[in-house]
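Printed here is query-v5.cif (mmCIF, C-alpha atoms and all ligand atoms):
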data_final
#
loop_
_atom_site.group_PDB
_atom_site.id
_atom_site.type_symbol
_atom_site.label_atom_id
_atom_site.label_comp_id
_atom_site.auth_asym_id
_atom_site.auth_seq_id
_atom_site.Cartn_x
_atom_site.Cartn_y
_atom_site.Cartn_z
ATOM 1 C CA MET A 848 0.000 0.000 0.000
ATOM 2 C CA ALA A 849 1.412 3.390 -0.992
ATOM 3 C CA GLU A 850 2.550 5.563 1.914
ATOM 4 C CA ILE A 851 3.852 9.138 1.761
ATOM 5 C CA LYS A 852 5.508 11.213 4.497
ATOM 6 C CA ILE A 853 5.508 15.005 4.191
ATOM 7 C CA GLU A 854 7.194 17.630 6.345
ATOM 8 C CA SER A 855 4.772 20.328 7.512
ATOM 9 C CA PHE A 856 6.624 23.480 8.607
ATOM 10 C CA ALA A 857 5.490 26.295 10.921
ATOM 11 C CA LYS A 858 5.742 30.021 10.160
ATOM 12 C CA ILE A 859 6.378 33.231 12.058
ATOM 13 C CA ASN A 860 5.437 36.795 11.077
ATOM 14 C CA LEU A 861 8.444 39.129 10.897
ATOM 15 C CA CYS A 862 6.004 42.044 10.877
ATOM 16 C CA LEU A 863 2.216 42.307 10.879
ATOM 17 C CA ASP A 864 0.121 45.367 10.136
ATOM 18 C CA VAL A 865 -3.665 45.561 9.905
ATOM 19 C CA LEU A 866 -4.776 48.171 7.371
ATOM 20 C CA LYS A 867 -8.555 48.100 7.706
ATOM 21 C CA ARG A 868 -11.642 46.159 8.606
ATOM 22 C CA ARG A 869 -13.529 45.177 5.458
ATOM 23 C CA GLU A 870 -17.319 45.314 5.044
ATOM 24 C CA ASP A 871 -17.443 41.491 5.132
ATOM 25 C CA GLY A 872 -15.769 41.471 8.567
ATOM 26 C CA TYR A 873 -12.366 40.268 7.360
ATOM 27 C CA HIS A 874 -9.293 42.412 7.975
ATOM 28 C CA GLU A 875 -6.902 43.601 5.344
ATOM 29 C CA ILE A 876 -3.373 42.884 6.500
ATOM 30 C CA LYS A 877 0.192 43.395 5.372
ATOM 31 C CA THR A 878 2.616 40.899 6.822
ATOM 32 C CA VAL A 879 5.931 39.233 6.088
ATOM 33 C CA MET A 880 5.675 35.496 6.647
ATOM 34 C CA GLN A 881 8.734 33.365 7.277
ATOM 35 C CA GLN A 882 8.832 29.588 7.308
ATOM 36 C CA ILE A 883 10.848 27.952 10.116
ATOM 37 C CA ASP A 884 12.223 24.432 10.515
ATOM 38 C CA LEU A 885 9.874 23.448 13.366
ATOM 39 C CA LYS A 886 7.736 20.762 11.766
ATOM 40 C CA ASP A 887 4.986 18.192 12.048
ATOM 41 C CA ILE A 888 5.243 14.990 10.044
ATOM 42 C CA ILE A 889 2.194 13.989 8.023
ATOM 43 C CA THR A 890 1.842 10.393 6.869
ATOM 44 C CA LEU A 891 -0.679 9.576 4.131
ATOM 45 C CA LYS A 892 -1.804 6.084 3.142
ATOM 46 C CA ASP A 893 -4.416 4.910 0.669
ATOM 47 C CA ASN A 894 -7.691 4.020 2.356
ATOM 48 C CA GLU A 895 -10.718 2.691 0.468
ATOM 49 C CA ASP A 896 -13.547 5.130 1.058
ATOM 50 C CA LYS A 897 -13.146 6.645 4.519
ATOM 51 C CA VAL A 898 -10.952 9.377 5.939
ATOM 52 C CA ILE A 899 -9.193 8.345 9.123
ATOM 53 C CA ILE A 900 -7.229 10.957 11.069
ATOM 54 C CA GLU A 901 -4.860 10.031 13.884
ATOM 55 C CA THR A 902 -2.624 12.314 15.934
ATOM 56 C CA ASN A 903 -0.377 12.266 18.997
ATOM 57 C CA HIS A 904 -1.756 15.644 20.202
ATOM 58 C CA PRO A 905 -4.877 15.760 22.424
ATOM 59 C CA GLN A 906 -5.947 19.248 21.252
ATOM 60 C CA VAL A 907 -5.965 18.372 17.559
ATOM 61 C CA PRO A 908 -9.392 17.242 16.303
ATOM 62 C CA THR A 909 -9.671 13.957 14.378
ATOM 63 C CA ASP A 910 -13.034 14.725 12.743
ATOM 64 C CA SER A 911 -14.136 16.862 9.797
ATOM 65 C CA THR A 912 -13.147 20.075 11.637
ATOM 66 C CA ASN A 913 -9.474 19.231 11.149
ATOM 67 C CA LEU A 914 -8.060 21.329 8.306
ATOM 68 C CA VAL A 915 -6.475 18.201 6.782
ATOM 69 C CA TYR A 916 -9.992 16.791 6.296
ATOM 70 C CA LYS A 917 -10.949 20.003 4.476
ATOM 71 C CA ALA A 918 -7.897 19.586 2.231
ATOM 72 C CA TRP A 919 -8.930 15.999 1.353
ATOM 73 C CA LYS A 920 -12.538 17.056 0.688
ATOM 74 C CA LEU A 921 -11.509 19.932 -1.543
ATOM 75 C CA LEU A 922 -9.246 17.795 -3.745
ATOM 76 C CA SER A 923 -11.543 14.770 -3.918
ATOM 77 C CA ASN A 924 -14.543 16.964 -4.892
ATOM 78 C CA ARG A 925 -12.614 19.023 -7.406
ATOM 79 C CA TYR A 926 -11.079 16.007 -9.181
ATOM 80 C CA ASN A 927 -13.988 13.563 -8.645
ATOM 81 C CA ILE A 928 -11.883 11.095 -6.724
ATOM 82 C CA ASP A 929 -13.850 8.477 -4.894
ATOM 83 C CA LYS A 930 -11.158 7.467 -2.393
ATOM 84 C CA GLY A 931 -10.595 7.929 1.322
ATOM 85 C CA VAL A 932 -7.216 8.365 2.963
ATOM 86 C CA TYR A 933 -5.468 7.563 6.244
ATOM 87 C CA ILE A 934 -3.788 10.689 7.688
ATOM 88 C CA LYS A 935 -1.421 10.611 10.653
ATOM 89 C CA ILE A 936 -0.321 13.937 12.188
ATOM 90 C CA ASP A 937 2.797 13.776 14.358
ATOM 91 C CA LYS A 938 2.565 17.184 16.061
ATOM 92 C CA ASN A 939 5.575 19.176 17.166
ATOM 93 C CA ILE A 940 4.214 22.608 16.241
ATOM 94 C CA PRO A 941 2.396 24.075 19.267
ATOM 95 C CA VAL A 942 -1.364 24.228 18.683
ATOM 96 C CA ALA A 943 -3.322 27.525 18.585
ATOM 97 C CA ALA A 944 -0.025 29.341 18.848
ATOM 98 C CA GLY A 945 0.147 31.822 15.946
ATOM 99 C CA LEU A 946 2.456 29.446 14.068
ATOM 100 C CA ALA A 947 -0.075 28.259 11.444
ATOM 101 C CA GLY A 948 0.228 24.601 12.426
ATOM 102 C CA GLY A 949 -3.202 23.636 11.117
ATOM 103 C CA SER A 950 -2.773 25.593 7.883
ATOM 104 C CA SER A 951 0.604 23.968 7.331
ATOM 105 C CA ASN A 952 -0.888 20.494 7.855
ATOM 106 C CA ALA A 953 -3.603 21.274 5.288
ATOM 107 C CA ALA A 954 -0.965 22.454 2.801
ATOM 108 C CA ALA A 955 1.047 19.268 3.377
ATOM 109 C CA VAL A 956 -2.026 17.117 2.708
ATOM 110 C CA LEU A 957 -2.788 19.005 -0.528
ATOM 111 C CA LYS A 958 0.799 18.391 -1.680
ATOM 112 C CA GLY A 959 0.778 14.782 -0.473
ATOM 113 C CA LEU A 960 -2.527 13.842 -2.126
ATOM 114 C CA ASN A 961 -1.342 15.479 -5.345
ATOM 115 C CA GLU A 962 1.493 12.927 -5.248
ATOM 116 C CA LEU A 963 -0.438 9.930 -3.859
ATOM 117 C CA TRP A 964 -3.186 10.294 -6.460
ATOM 118 C CA SER A 965 -0.775 11.347 -9.283
ATOM 119 C CA LEU A 966 -2.828 14.461 -10.058
ATOM 120 C CA ASN A 967 0.031 16.611 -11.426
ATOM 121 C CA ILE A 968 -1.556 19.814 -10.139
ATOM 122 C CA SER A 969 0.802 22.788 -10.550
ATOM 123 C CA GLN A 970 1.982 24.710 -7.474
ATOM 124 C CA LYS A 971 0.045 27.761 -8.696
ATOM 125 C CA GLU A 972 -3.219 25.843 -8.906
ATOM 126 C CA LEU A 973 -2.569 24.117 -5.587
ATOM 127 C CA MET A 974 -2.121 27.563 -3.987
ATOM 128 C CA GLU A 975 -5.408 28.785 -5.497
ATOM 129 C CA LEU A 976 -7.211 25.755 -4.056
ATOM 130 C CA ALA A 977 -5.417 26.254 -0.730
ATOM 131 C CA ALA A 978 -6.939 29.737 -0.311
ATOM 132 C CA GLN A 979 -10.363 28.069 -0.027
ATOM 133 C CA ILE A 980 -9.215 26.331 3.172
ATOM 134 C CA GLY A 981 -7.688 29.342 4.910
ATOM 135 C CA ALA A 982 -5.755 32.552 4.310
ATOM 136 C CA ASP A 983 -2.414 31.113 5.534
ATOM 137 C CA VAL A 984 -2.583 27.857 3.549
ATOM 138 C CA PRO A 985 -1.256 29.230 0.192
ATOM 139 C CA PHE A 986 1.858 30.531 1.973
ATOM 140 C CA CYS A 987 2.395 27.131 3.558
ATOM 141 C CA ILE A 988 2.445 25.640 0.026
ATOM 142 C CA MET A 989 4.847 28.307 -1.242
ATOM 143 C CA GLY A 990 7.205 28.333 1.788
ATOM 144 C CA GLY A 991 10.321 30.454 2.301
ATOM 145 C CA THR A 992 9.773 34.179 2.862
ATOM 146 C CA ALA A 993 6.839 36.147 1.454
ATOM 147 C CA LEU A 994 4.871 39.357 1.718
ATOM 148 C CA ALA A 995 1.201 38.549 2.330
ATOM 149 C CA GLU A 996 -1.512 41.108 1.595
ATOM 150 C CA GLY A 997 -5.299 41.103 1.226
ATOM 151 C CA ILE A 998 -6.546 38.828 3.998
ATOM 152 C CA GLY A 999 -3.173 37.084 3.833
ATOM 153 C CA GLU A 1000 -3.722 35.180 0.606
ATOM 154 C CA LYS A 1001 -2.089 37.614 -1.870
ATOM 155 C CA LEU A 1002 1.524 36.527 -1.848
ATOM 156 C CA THR A 1003 4.734 37.999 -3.213
ATOM 157 C CA LYS A 1004 7.829 35.855 -2.851
ATOM 158 C CA LEU A 1005 10.774 37.651 -1.198
ATOM 159 C CA SER A 1006 14.462 36.853 -1.314
ATOM 160 C CA SER A 1007 15.624 34.036 0.910
ATOM 161 C CA PHE A 1008 16.171 34.792 4.594
ATOM 162 C CA SER A 1009 17.199 31.293 5.628
ATOM 163 C CA ASP A 1010 19.396 29.958 8.437
ATOM 164 C CA LYS A 1011 18.644 32.696 10.993
ATOM 165 C CA LEU A 1012 18.566 31.638 14.638
ATOM 166 C CA ILE A 1013 15.151 31.951 16.287
ATOM 167 C CA LEU A 1014 14.015 31.210 19.837
ATOM 168 C CA LEU A 1015 10.307 30.405 20.164
ATOM 169 C CA ALA A 1016 8.403 30.500 23.438
ATOM 170 C CA LYS A 1017 4.712 29.738 23.786
ATOM 171 C CA PRO A 1018 3.180 30.527 27.166
ATOM 172 C CA SER A 1019 0.417 28.132 28.179
ATOM 173 C CA ILE A 1020 -2.472 30.465 27.426
ATOM 174 C CA SER A 1021 -4.982 30.150 24.594
ATOM 175 C CA VAL A 1022 -5.718 33.156 22.445
ATOM 176 C CA SER A 1023 -8.190 32.732 19.611
ATOM 177 C CA THR A 1024 -7.439 34.595 16.392
ATOM 178 C CA ALA A 1025 -11.086 35.702 16.197
ATOM 179 C CA TYR A 1026 -10.898 37.259 19.689
ATOM 180 C CA VAL A 1027 -7.761 39.221 18.825
ATOM 181 C CA TYR A 1028 -9.165 40.697 15.604
ATOM 182 C CA LYS A 1029 -12.515 41.445 17.247
ATOM 183 C CA ASN A 1030 -10.825 43.444 19.991
ATOM 184 C CA LEU A 1031 -8.355 45.277 17.786
ATOM 185 C CA GLU A 1032 -8.894 49.046 17.906
ATOM 186 C CA LEU A 1033 -7.400 50.317 14.674
ATOM 187 C CA ASN A 1034 -7.459 53.952 15.776
ATOM 188 C CA LYS A 1035 -5.507 53.221 18.954
ATOM 189 C CA ILE A 1036 -2.366 51.684 17.464
ATOM 190 C CA ASP A 1037 0.691 53.724 18.394
ATOM 191 C CA PHE A 1038 3.341 51.726 16.527
ATOM 192 C CA ARG A 1039 3.004 50.251 13.062
ATOM 193 C CA PRO A 1040 5.830 48.337 11.433
ATOM 194 C CA ASN A 1041 7.193 49.795 8.200
ATOM 195 C CA THR A 1042 6.703 46.769 5.940
ATOM 196 C CA ASN A 1043 8.712 48.261 3.060
ATOM 197 C CA ASP A 1044 11.711 48.755 5.354
ATOM 198 C CA ILE A 1045 11.399 45.171 6.615
ATOM 199 C CA ILE A 1046 11.385 43.911 3.018
ATOM 200 C CA ARG A 1047 14.474 46.001 2.242
ATOM 201 C CA TYR A 1048 16.331 44.584 5.270
ATOM 202 C CA ILE A 1049 15.484 41.074 4.074
ATOM 203 C CA GLU A 1050 16.810 41.882 0.598
ATOM 204 C CA GLU A 1051 20.001 43.301 2.169
ATOM 205 C CA ASN A 1052 20.217 40.323 4.556
ATOM 206 C CA ASN A 1053 20.481 42.938 7.342
ATOM 207 C CA LEU A 1054 19.577 40.949 10.449
ATOM 208 C CA GLU A 1055 20.176 43.740 13.014
ATOM 209 C CA SER A 1056 17.999 46.341 11.284
ATOM 210 C CA LEU A 1057 15.284 43.803 10.625
ATOM 211 C CA ALA A 1058 15.229 42.597 14.226
ATOM 212 C CA THR A 1059 15.094 46.094 15.716
ATOM 213 C CA ASN A 1060 12.303 47.301 13.410
ATOM 214 C CA MET A 1061 9.865 44.398 13.659
ATOM 215 C CA GLY A 1062 6.322 45.114 14.819
ATOM 216 C CA ASN A 1063 2.980 43.366 15.188
ATOM 217 C CA VAL A 1064 -0.103 45.532 15.770
ATOM 218 C CA LEU A 1065 -1.996 42.552 17.237
ATOM 219 C CA GLU A 1066 0.223 42.813 20.322
ATOM 220 C CA THR A 1067 -1.901 45.825 21.356
ATOM 221 C CA VAL A 1068 -4.718 43.364 22.099
ATOM 222 C CA THR A 1069 -2.834 40.389 23.508
ATOM 223 C CA ILE A 1070 -0.274 42.163 25.720
ATOM 224 C CA LYS A 1071 -3.034 44.132 27.429
ATOM 225 C CA GLU A 1072 -4.781 40.867 28.264
ATOM 226 C CA TYR A 1073 -1.684 38.716 28.856
ATOM 227 C CA PRO A 1074 1.317 40.713 30.198
ATOM 228 C CA ILE A 1075 3.396 37.502 30.094
ATOM 229 C CA ILE A 1076 3.822 38.087 26.348
ATOM 230 C CA LYS A 1077 5.665 41.354 27.040
ATOM 231 C CA GLU A 1078 7.657 39.701 29.829
ATOM 232 C CA ILE A 1079 8.893 36.992 27.441
ATOM 233 C CA LYS A 1080 9.766 39.611 24.808
ATOM 234 C CA ASP A 1081 11.785 41.592 27.382
ATOM 235 C CA LYS A 1082 13.515 38.486 28.716
ATOM 236 C CA MET A 1083 14.672 37.592 25.207
ATOM 237 C CA ILE A 1084 16.188 41.061 24.738
ATOM 238 C CA GLN A 1085 17.826 40.828 28.171
ATOM 239 C CA TYR A 1086 19.462 37.542 27.077
ATOM 240 C CA GLY A 1087 20.868 38.997 23.870
ATOM 241 C CA ALA A 1088 18.112 38.802 21.257
ATOM 242 C CA LEU A 1089 18.471 41.459 18.559
ATOM 243 C CA GLY A 1090 14.685 41.796 18.554
ATOM 244 C CA SER A 1091 11.597 39.946 19.784
ATOM 245 C CA LEU A 1092 7.987 39.848 18.637
ATOM 246 C CA MET A 1093 4.704 37.999 18.997
ATOM 247 C CA SER A 1094 3.950 35.782 15.972
ATOM 248 C CA GLY A 1095 0.572 36.151 14.236
ATOM 249 C CA SER A 1096 -2.257 36.490 16.732
ATOM 250 C CA GLY A 1097 -0.077 34.886 19.404
ATOM 251 C CA PRO A 1098 0.594 33.861 21.998
ATOM 252 C CA THR A 1099 3.968 32.535 20.747
ATOM 253 C CA VAL A 1100 6.831 35.017 21.061
ATOM 254 C CA PHE A 1101 10.008 34.693 18.994
ATOM 255 C CA GLY A 1102 13.422 36.272 19.418
ATOM 256 C CA ILE A 1103 16.049 36.690 16.715
ATOM 257 C CA PHE A 1104 19.507 35.802 18.027
ATOM 258 C CA LYS A 1105 22.917 36.190 16.464
ATOM 259 C CA ASN A 1106 24.719 34.086 19.008
ATOM 260 C CA GLU A 1107 23.706 30.450 19.631
ATOM 261 C CA ASP A 1108 25.004 30.438 23.240
ATOM 262 C CA ASP A 1109 22.748 33.389 24.067
ATOM 263 C CA ALA A 1110 19.743 31.598 22.560
ATOM 264 C CA ILE A 1111 20.492 28.425 24.516
ATOM 265 C CA LYS A 1112 20.920 30.359 27.797
ATOM 266 C CA CYS A 1113 17.681 32.215 27.159
ATOM 267 C CA LYS A 1114 15.931 28.927 26.406
ATOM 268 C CA ALA A 1115 17.142 27.496 29.746
ATOM 269 C CA GLU A 1116 15.911 30.587 31.608
ATOM 270 C CA LEU A 1117 12.474 30.660 29.925
ATOM 271 C CA SER A 1118 12.061 26.891 30.358
ATOM 272 C CA LYS A 1119 11.928 27.406 34.149
ATOM 273 C CA HIS A 1120 8.402 28.781 33.737
ATOM 274 C CA ILE A 1121 7.285 27.879 30.207
ATOM 275 C CA ASP A 1122 6.814 24.355 28.814
ATOM 276 C CA THR A 1123 7.165 25.107 25.132
ATOM 277 C CA VAL A 1124 10.495 26.679 24.168
ATOM 278 C CA HIS A 1125 12.388 25.769 20.968
ATOM 279 C CA VAL A 1126 15.526 26.957 19.212
ATOM 280 C CA VAL A 1127 14.840 26.824 15.462
ATOM 281 C CA LYS A 1128 16.154 28.235 12.191
ATOM 282 C CA THR A 1129 14.444 30.092 9.367
ATOM 283 C CA LEU A 1130 14.036 28.149 6.113
HETATM 284 P P1 LIG B 1201 -2.750 30.624 12.787
HETATM 285 O O1 LIG B 1201 -1.349 31.080 13.035
HETATM 286 O O2 LIG B 1201 -3.046 30.300 11.349
HETATM 287 O O3 LIG B 1201 -3.804 31.467 13.445
HETATM 288 P P2 LIG B 1201 -2.560 28.801 14.924
HETATM 289 O O4 LIG B 1201 -1.148 28.308 14.987
HETATM 290 O O5 LIG B 1201 -2.895 29.928 15.826
HETATM 291 O O6 LIG B 1201 -2.867 29.179 13.447
HETATM 292 P P3 LIG B 1201 -3.545 26.107 14.819
HETATM 293 O O7 LIG B 1201 -2.432 25.368 15.492
HETATM 294 O O8 LIG B 1201 -3.649 25.969 13.356
HETATM 295 O O9 LIG B 1201 -3.537 27.654 15.217
HETATM 296 O O10 LIG B 1201 -4.882 25.618 15.546
HETATM 297 C C1 LIG B 1201 -6.015 26.401 15.784
HETATM 298 C C2 LIG B 1201 -7.202 25.460 16.068
HETATM 299 O O11 LIG B 1201 -7.518 24.778 14.865
HETATM 300 C C3 LIG B 1201 -6.885 24.376 17.091
HETATM 301 O O12 LIG B 1201 -7.329 24.756 18.358
HETATM 302 C C4 LIG B 1201 -7.601 23.144 16.575
HETATM 303 O O13 LIG B 1201 -8.809 22.922 17.268
HETATM 304 C C5 LIG B 1201 -7.947 23.445 15.130
HETATM 305 N N1 LIG B 1201 -7.275 22.567 14.135
HETATM 306 C C6 LIG B 1201 -7.845 22.084 13.028
HETATM 307 N N2 LIG B 1201 -6.977 21.350 12.314
HETATM 308 C C7 LIG B 1201 -5.812 21.363 12.972
HETATM 309 C C8 LIG B 1201 -4.538 20.785 12.717
HETATM 310 N N3 LIG B 1201 -4.312 20.003 11.645
HETATM 311 N N4 LIG B 1201 -3.548 21.047 13.586
HETATM 312 C C9 LIG B 1201 -3.782 21.835 14.660
HETATM 313 N N5 LIG B 1201 -4.969 22.380 14.966
HETATM 314 C C10 LIG B 1201 -5.988 22.163 14.133
#

File written out as structure tokens:
Amino acid sequence: MAEIKIESFAKINLCLDVLKRREDGYHEIKTVMQQIDLKDIITLKDNEDKVIIETNHPQVPTDSTNLVYKAWKLLSNRYNIDKGVYIKIDKNIPVAAGLAGGSSNAAAVLKGLNELWSLNISQKELMELAAQIGADVPFCIMGGTALAEGIGEKLTKLSSFSDKLILLAKPSISVSTAYVYKNLELNKIDFRPNTNDIIRYIEENNLESLATNMGNVLETVTIKEYPIIKEIKDKMIQYGALGSLMSGSGPTVFGIFKNEDDAIKCKAELSKHIDTVHVVKTL
């Protein structure tokens, strides 16, 4: 029986600005997304007519609400394929963390089924389909570094920003993306990142300037509610990070480090109080 294993990588946002609330309730954003080497492993196997989802993580659903199920449904409907699939999700990416774990899993399943079912769908078409699952899914297909506009689905590939040292820390609080956007007061934001500058620093491979100019307007909501996010950011700077920021709608905080020893010492310090701390690299 054919079996395929796919790596499903997380992302961070090097900057995130919200431009406006649209009539339909969605928000128009401008963000630079960066894939990192923290990954889940997705295993796909042929299965007659049913979809079976298994996972090692108690918070990940195994029913039709899992984004991997939506990916299967989308492809099987679109290409009239009357087959089920067995999907195993080995989770390492923290869940509900602002790291797009679910979106990345859905992207991996789209890519994997394309291979398992020999569909030969182009990356461009796969990304168009991916947007129907969620705004972050097309980026997870594309990977690397990209500017995302619209509701996050309009992507422009940027030059590579790989191999940068990142410390991730996720405090054990749950913050729903919907809550954060609902409570965002666009007229009360006092610092907005300059996305064009961030893009220029990426093109120049200028780590220091990038790290010191990052910004995420969603922090105005989450830090007010959860001061621990600011405490983690400050601790990272104290331990030598060039810059630190909340990823996406949080609560994960990342720090950009130049020196691996500093990152490891900071990890040891944060691990005294926080369960989920990882040293990773950008892809
Ligand atoms: P984003 O950065 O896109 O907002 P996130 O990292 O904050 O994503 P996810 O890890 O994708 O959030 O999970 C959010 C919720 O989605 C979870 O609480 C879970 O119930 C549900 N979910 C559905 N499919 C998955 C999946 N494959 N992996 C993880 N969570 C999933």

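Distance check against Gly931 (chain A) using only C-alpha atoms: of A:Leu891, A:Met1061, A:Leu861, A:Ala943, the minimum falls on A:Leu891.
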
For this session: Give the answer as one residue: which of A:Ser855, A:Asn1053, A:Gly945, A:Ala1016 has the shortest atom-to-atom distance to Leu957 (chain A), using all atoms listed in the file?
Result: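 Comparing A:Ser855, A:Asn1053, A:Gly945, A:Ala1016 against Leu957 (chain A), the winner is A:Ser855.
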
Test item: axis-aligned box, all listed atoms of ligand LIG 1201 (chain B), 4 Å on each side, centre and edges in Å rounded to one decimal, as JSON:
{"center_x": -5.0, "center_y": 25.7, "center_z": 14.9, "size_x": 15.7, "size_y": 19.5, "size_z": 15.0}

Exercise. Can you tell me how far CA of Leu1012 (chain A) sits from CA of Ser1118 (chain A), in Å to one decimal?
Worked result: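 That distance, rounded to one decimal, is 17.7 Å.
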
Against ligand LIG 1201 (chain B), which residues of chain A fall within 7 Å? For each one I want the closest pair of atoms and the distance in Å (one decimal), counting only C-alpha atoms and all ligand atoms, rows by chain and increasing residue number, as JSON lines.
{"residue": "A:Gln906", "atom": "CA", "partner": "B:LIG1201", "partner_atom": "O13", "distance": 6.1}
{"residue": "A:Val907", "atom": "CA", "partner": "B:LIG1201", "partner_atom": "N5", "distance": 4.9}
{"residue": "A:Pro908", "atom": "CA", "partner": "B:LIG1201", "partner_atom": "O13", "distance": 5.8}
{"residue": "A:Thr912", "atom": "CA", "partner": "B:LIG1201", "partner_atom": "C6", "distance": 5.8}
{"residue": "A:Asn913", "atom": "CA", "partner": "B:LIG1201", "partner_atom": "N2", "distance": 3.5}
{"residue": "A:Leu914", "atom": "CA", "partner": "B:LIG1201", "partner_atom": "N2", "distance": 4.2}
{"residue": "A:Val915", "atom": "CA", "partner": "B:LIG1201", "partner_atom": "N3", "distance": 5.6}
{"residue": "A:Pro941", "atom": "CA", "partner": "B:LIG1201", "partner_atom": "O7", "distance": 6.3}
{"residue": "A:Val942", "atom": "CA", "partner": "B:LIG1201", "partner_atom": "O7", "distance": 3.6}
{"residue": "A:Ala943", "atom": "CA", "partner": "B:LIG1201", "partner_atom": "O9", "distance": 3.4}
{"residue": "A:Ala944", "atom": "CA", "partner": "B:LIG1201", "partner_atom": "O4", "distance": 4.2}
{"residue": "A:Gly945", "atom": "CA", "partner": "B:LIG1201", "partner_atom": "O1", "distance": 3.4}
{"residue": "A:Leu946", "atom": "CA", "partner": "B:LIG1201", "partner_atom": "O4", "distance": 3.9}
{"residue": "A:Ala947", "atom": "CA", "partner": "B:LIG1201", "partner_atom": "O1", "distance": 3.5}
{"residue": "A:Gly948", "atom": "CA", "partner": "B:LIG1201", "partner_atom": "O7", "distance": 4.1}
{"residue": "A:Gly949", "atom": "CA", "partner": "B:LIG1201", "partner_atom": "O8", "distance": 3.3}
{"residue": "A:Ser950", "atom": "CA", "partner": "B:LIG1201", "partner_atom": "O8", "distance": 5.6}
{"residue": "A:Asn952", "atom": "CA", "partner": "B:LIG1201", "partner_atom": "N3", "distance": 5.1}
{"residue": "A:Ala953", "atom": "CA", "partner": "B:LIG1201", "partner_atom": "N3", "distance": 6.5}
{"residue": "A:Asp983", "atom": "CA", "partner": "B:LIG1201", "partner_atom": "O2", "distance": 5.9}
{"residue": "A:Thr1024", "atom": "CA", "partner": "B:LIG1201", "partner_atom": "O3", "distance": 5.6}
{"residue": "A:Gly1095", "atom": "CA", "partner": "B:LIG1201", "partner_atom": "O1", "distance": 5.6}
{"residue": "A:Ser1096", "atom": "CA", "partner": "B:LIG1201", "partner_atom": "O3", "distance": 6.2}
{"residue": "A:Gly1097", "atom": "CA", "partner": "B:LIG1201", "partner_atom": "O5", "distance": 6.7}
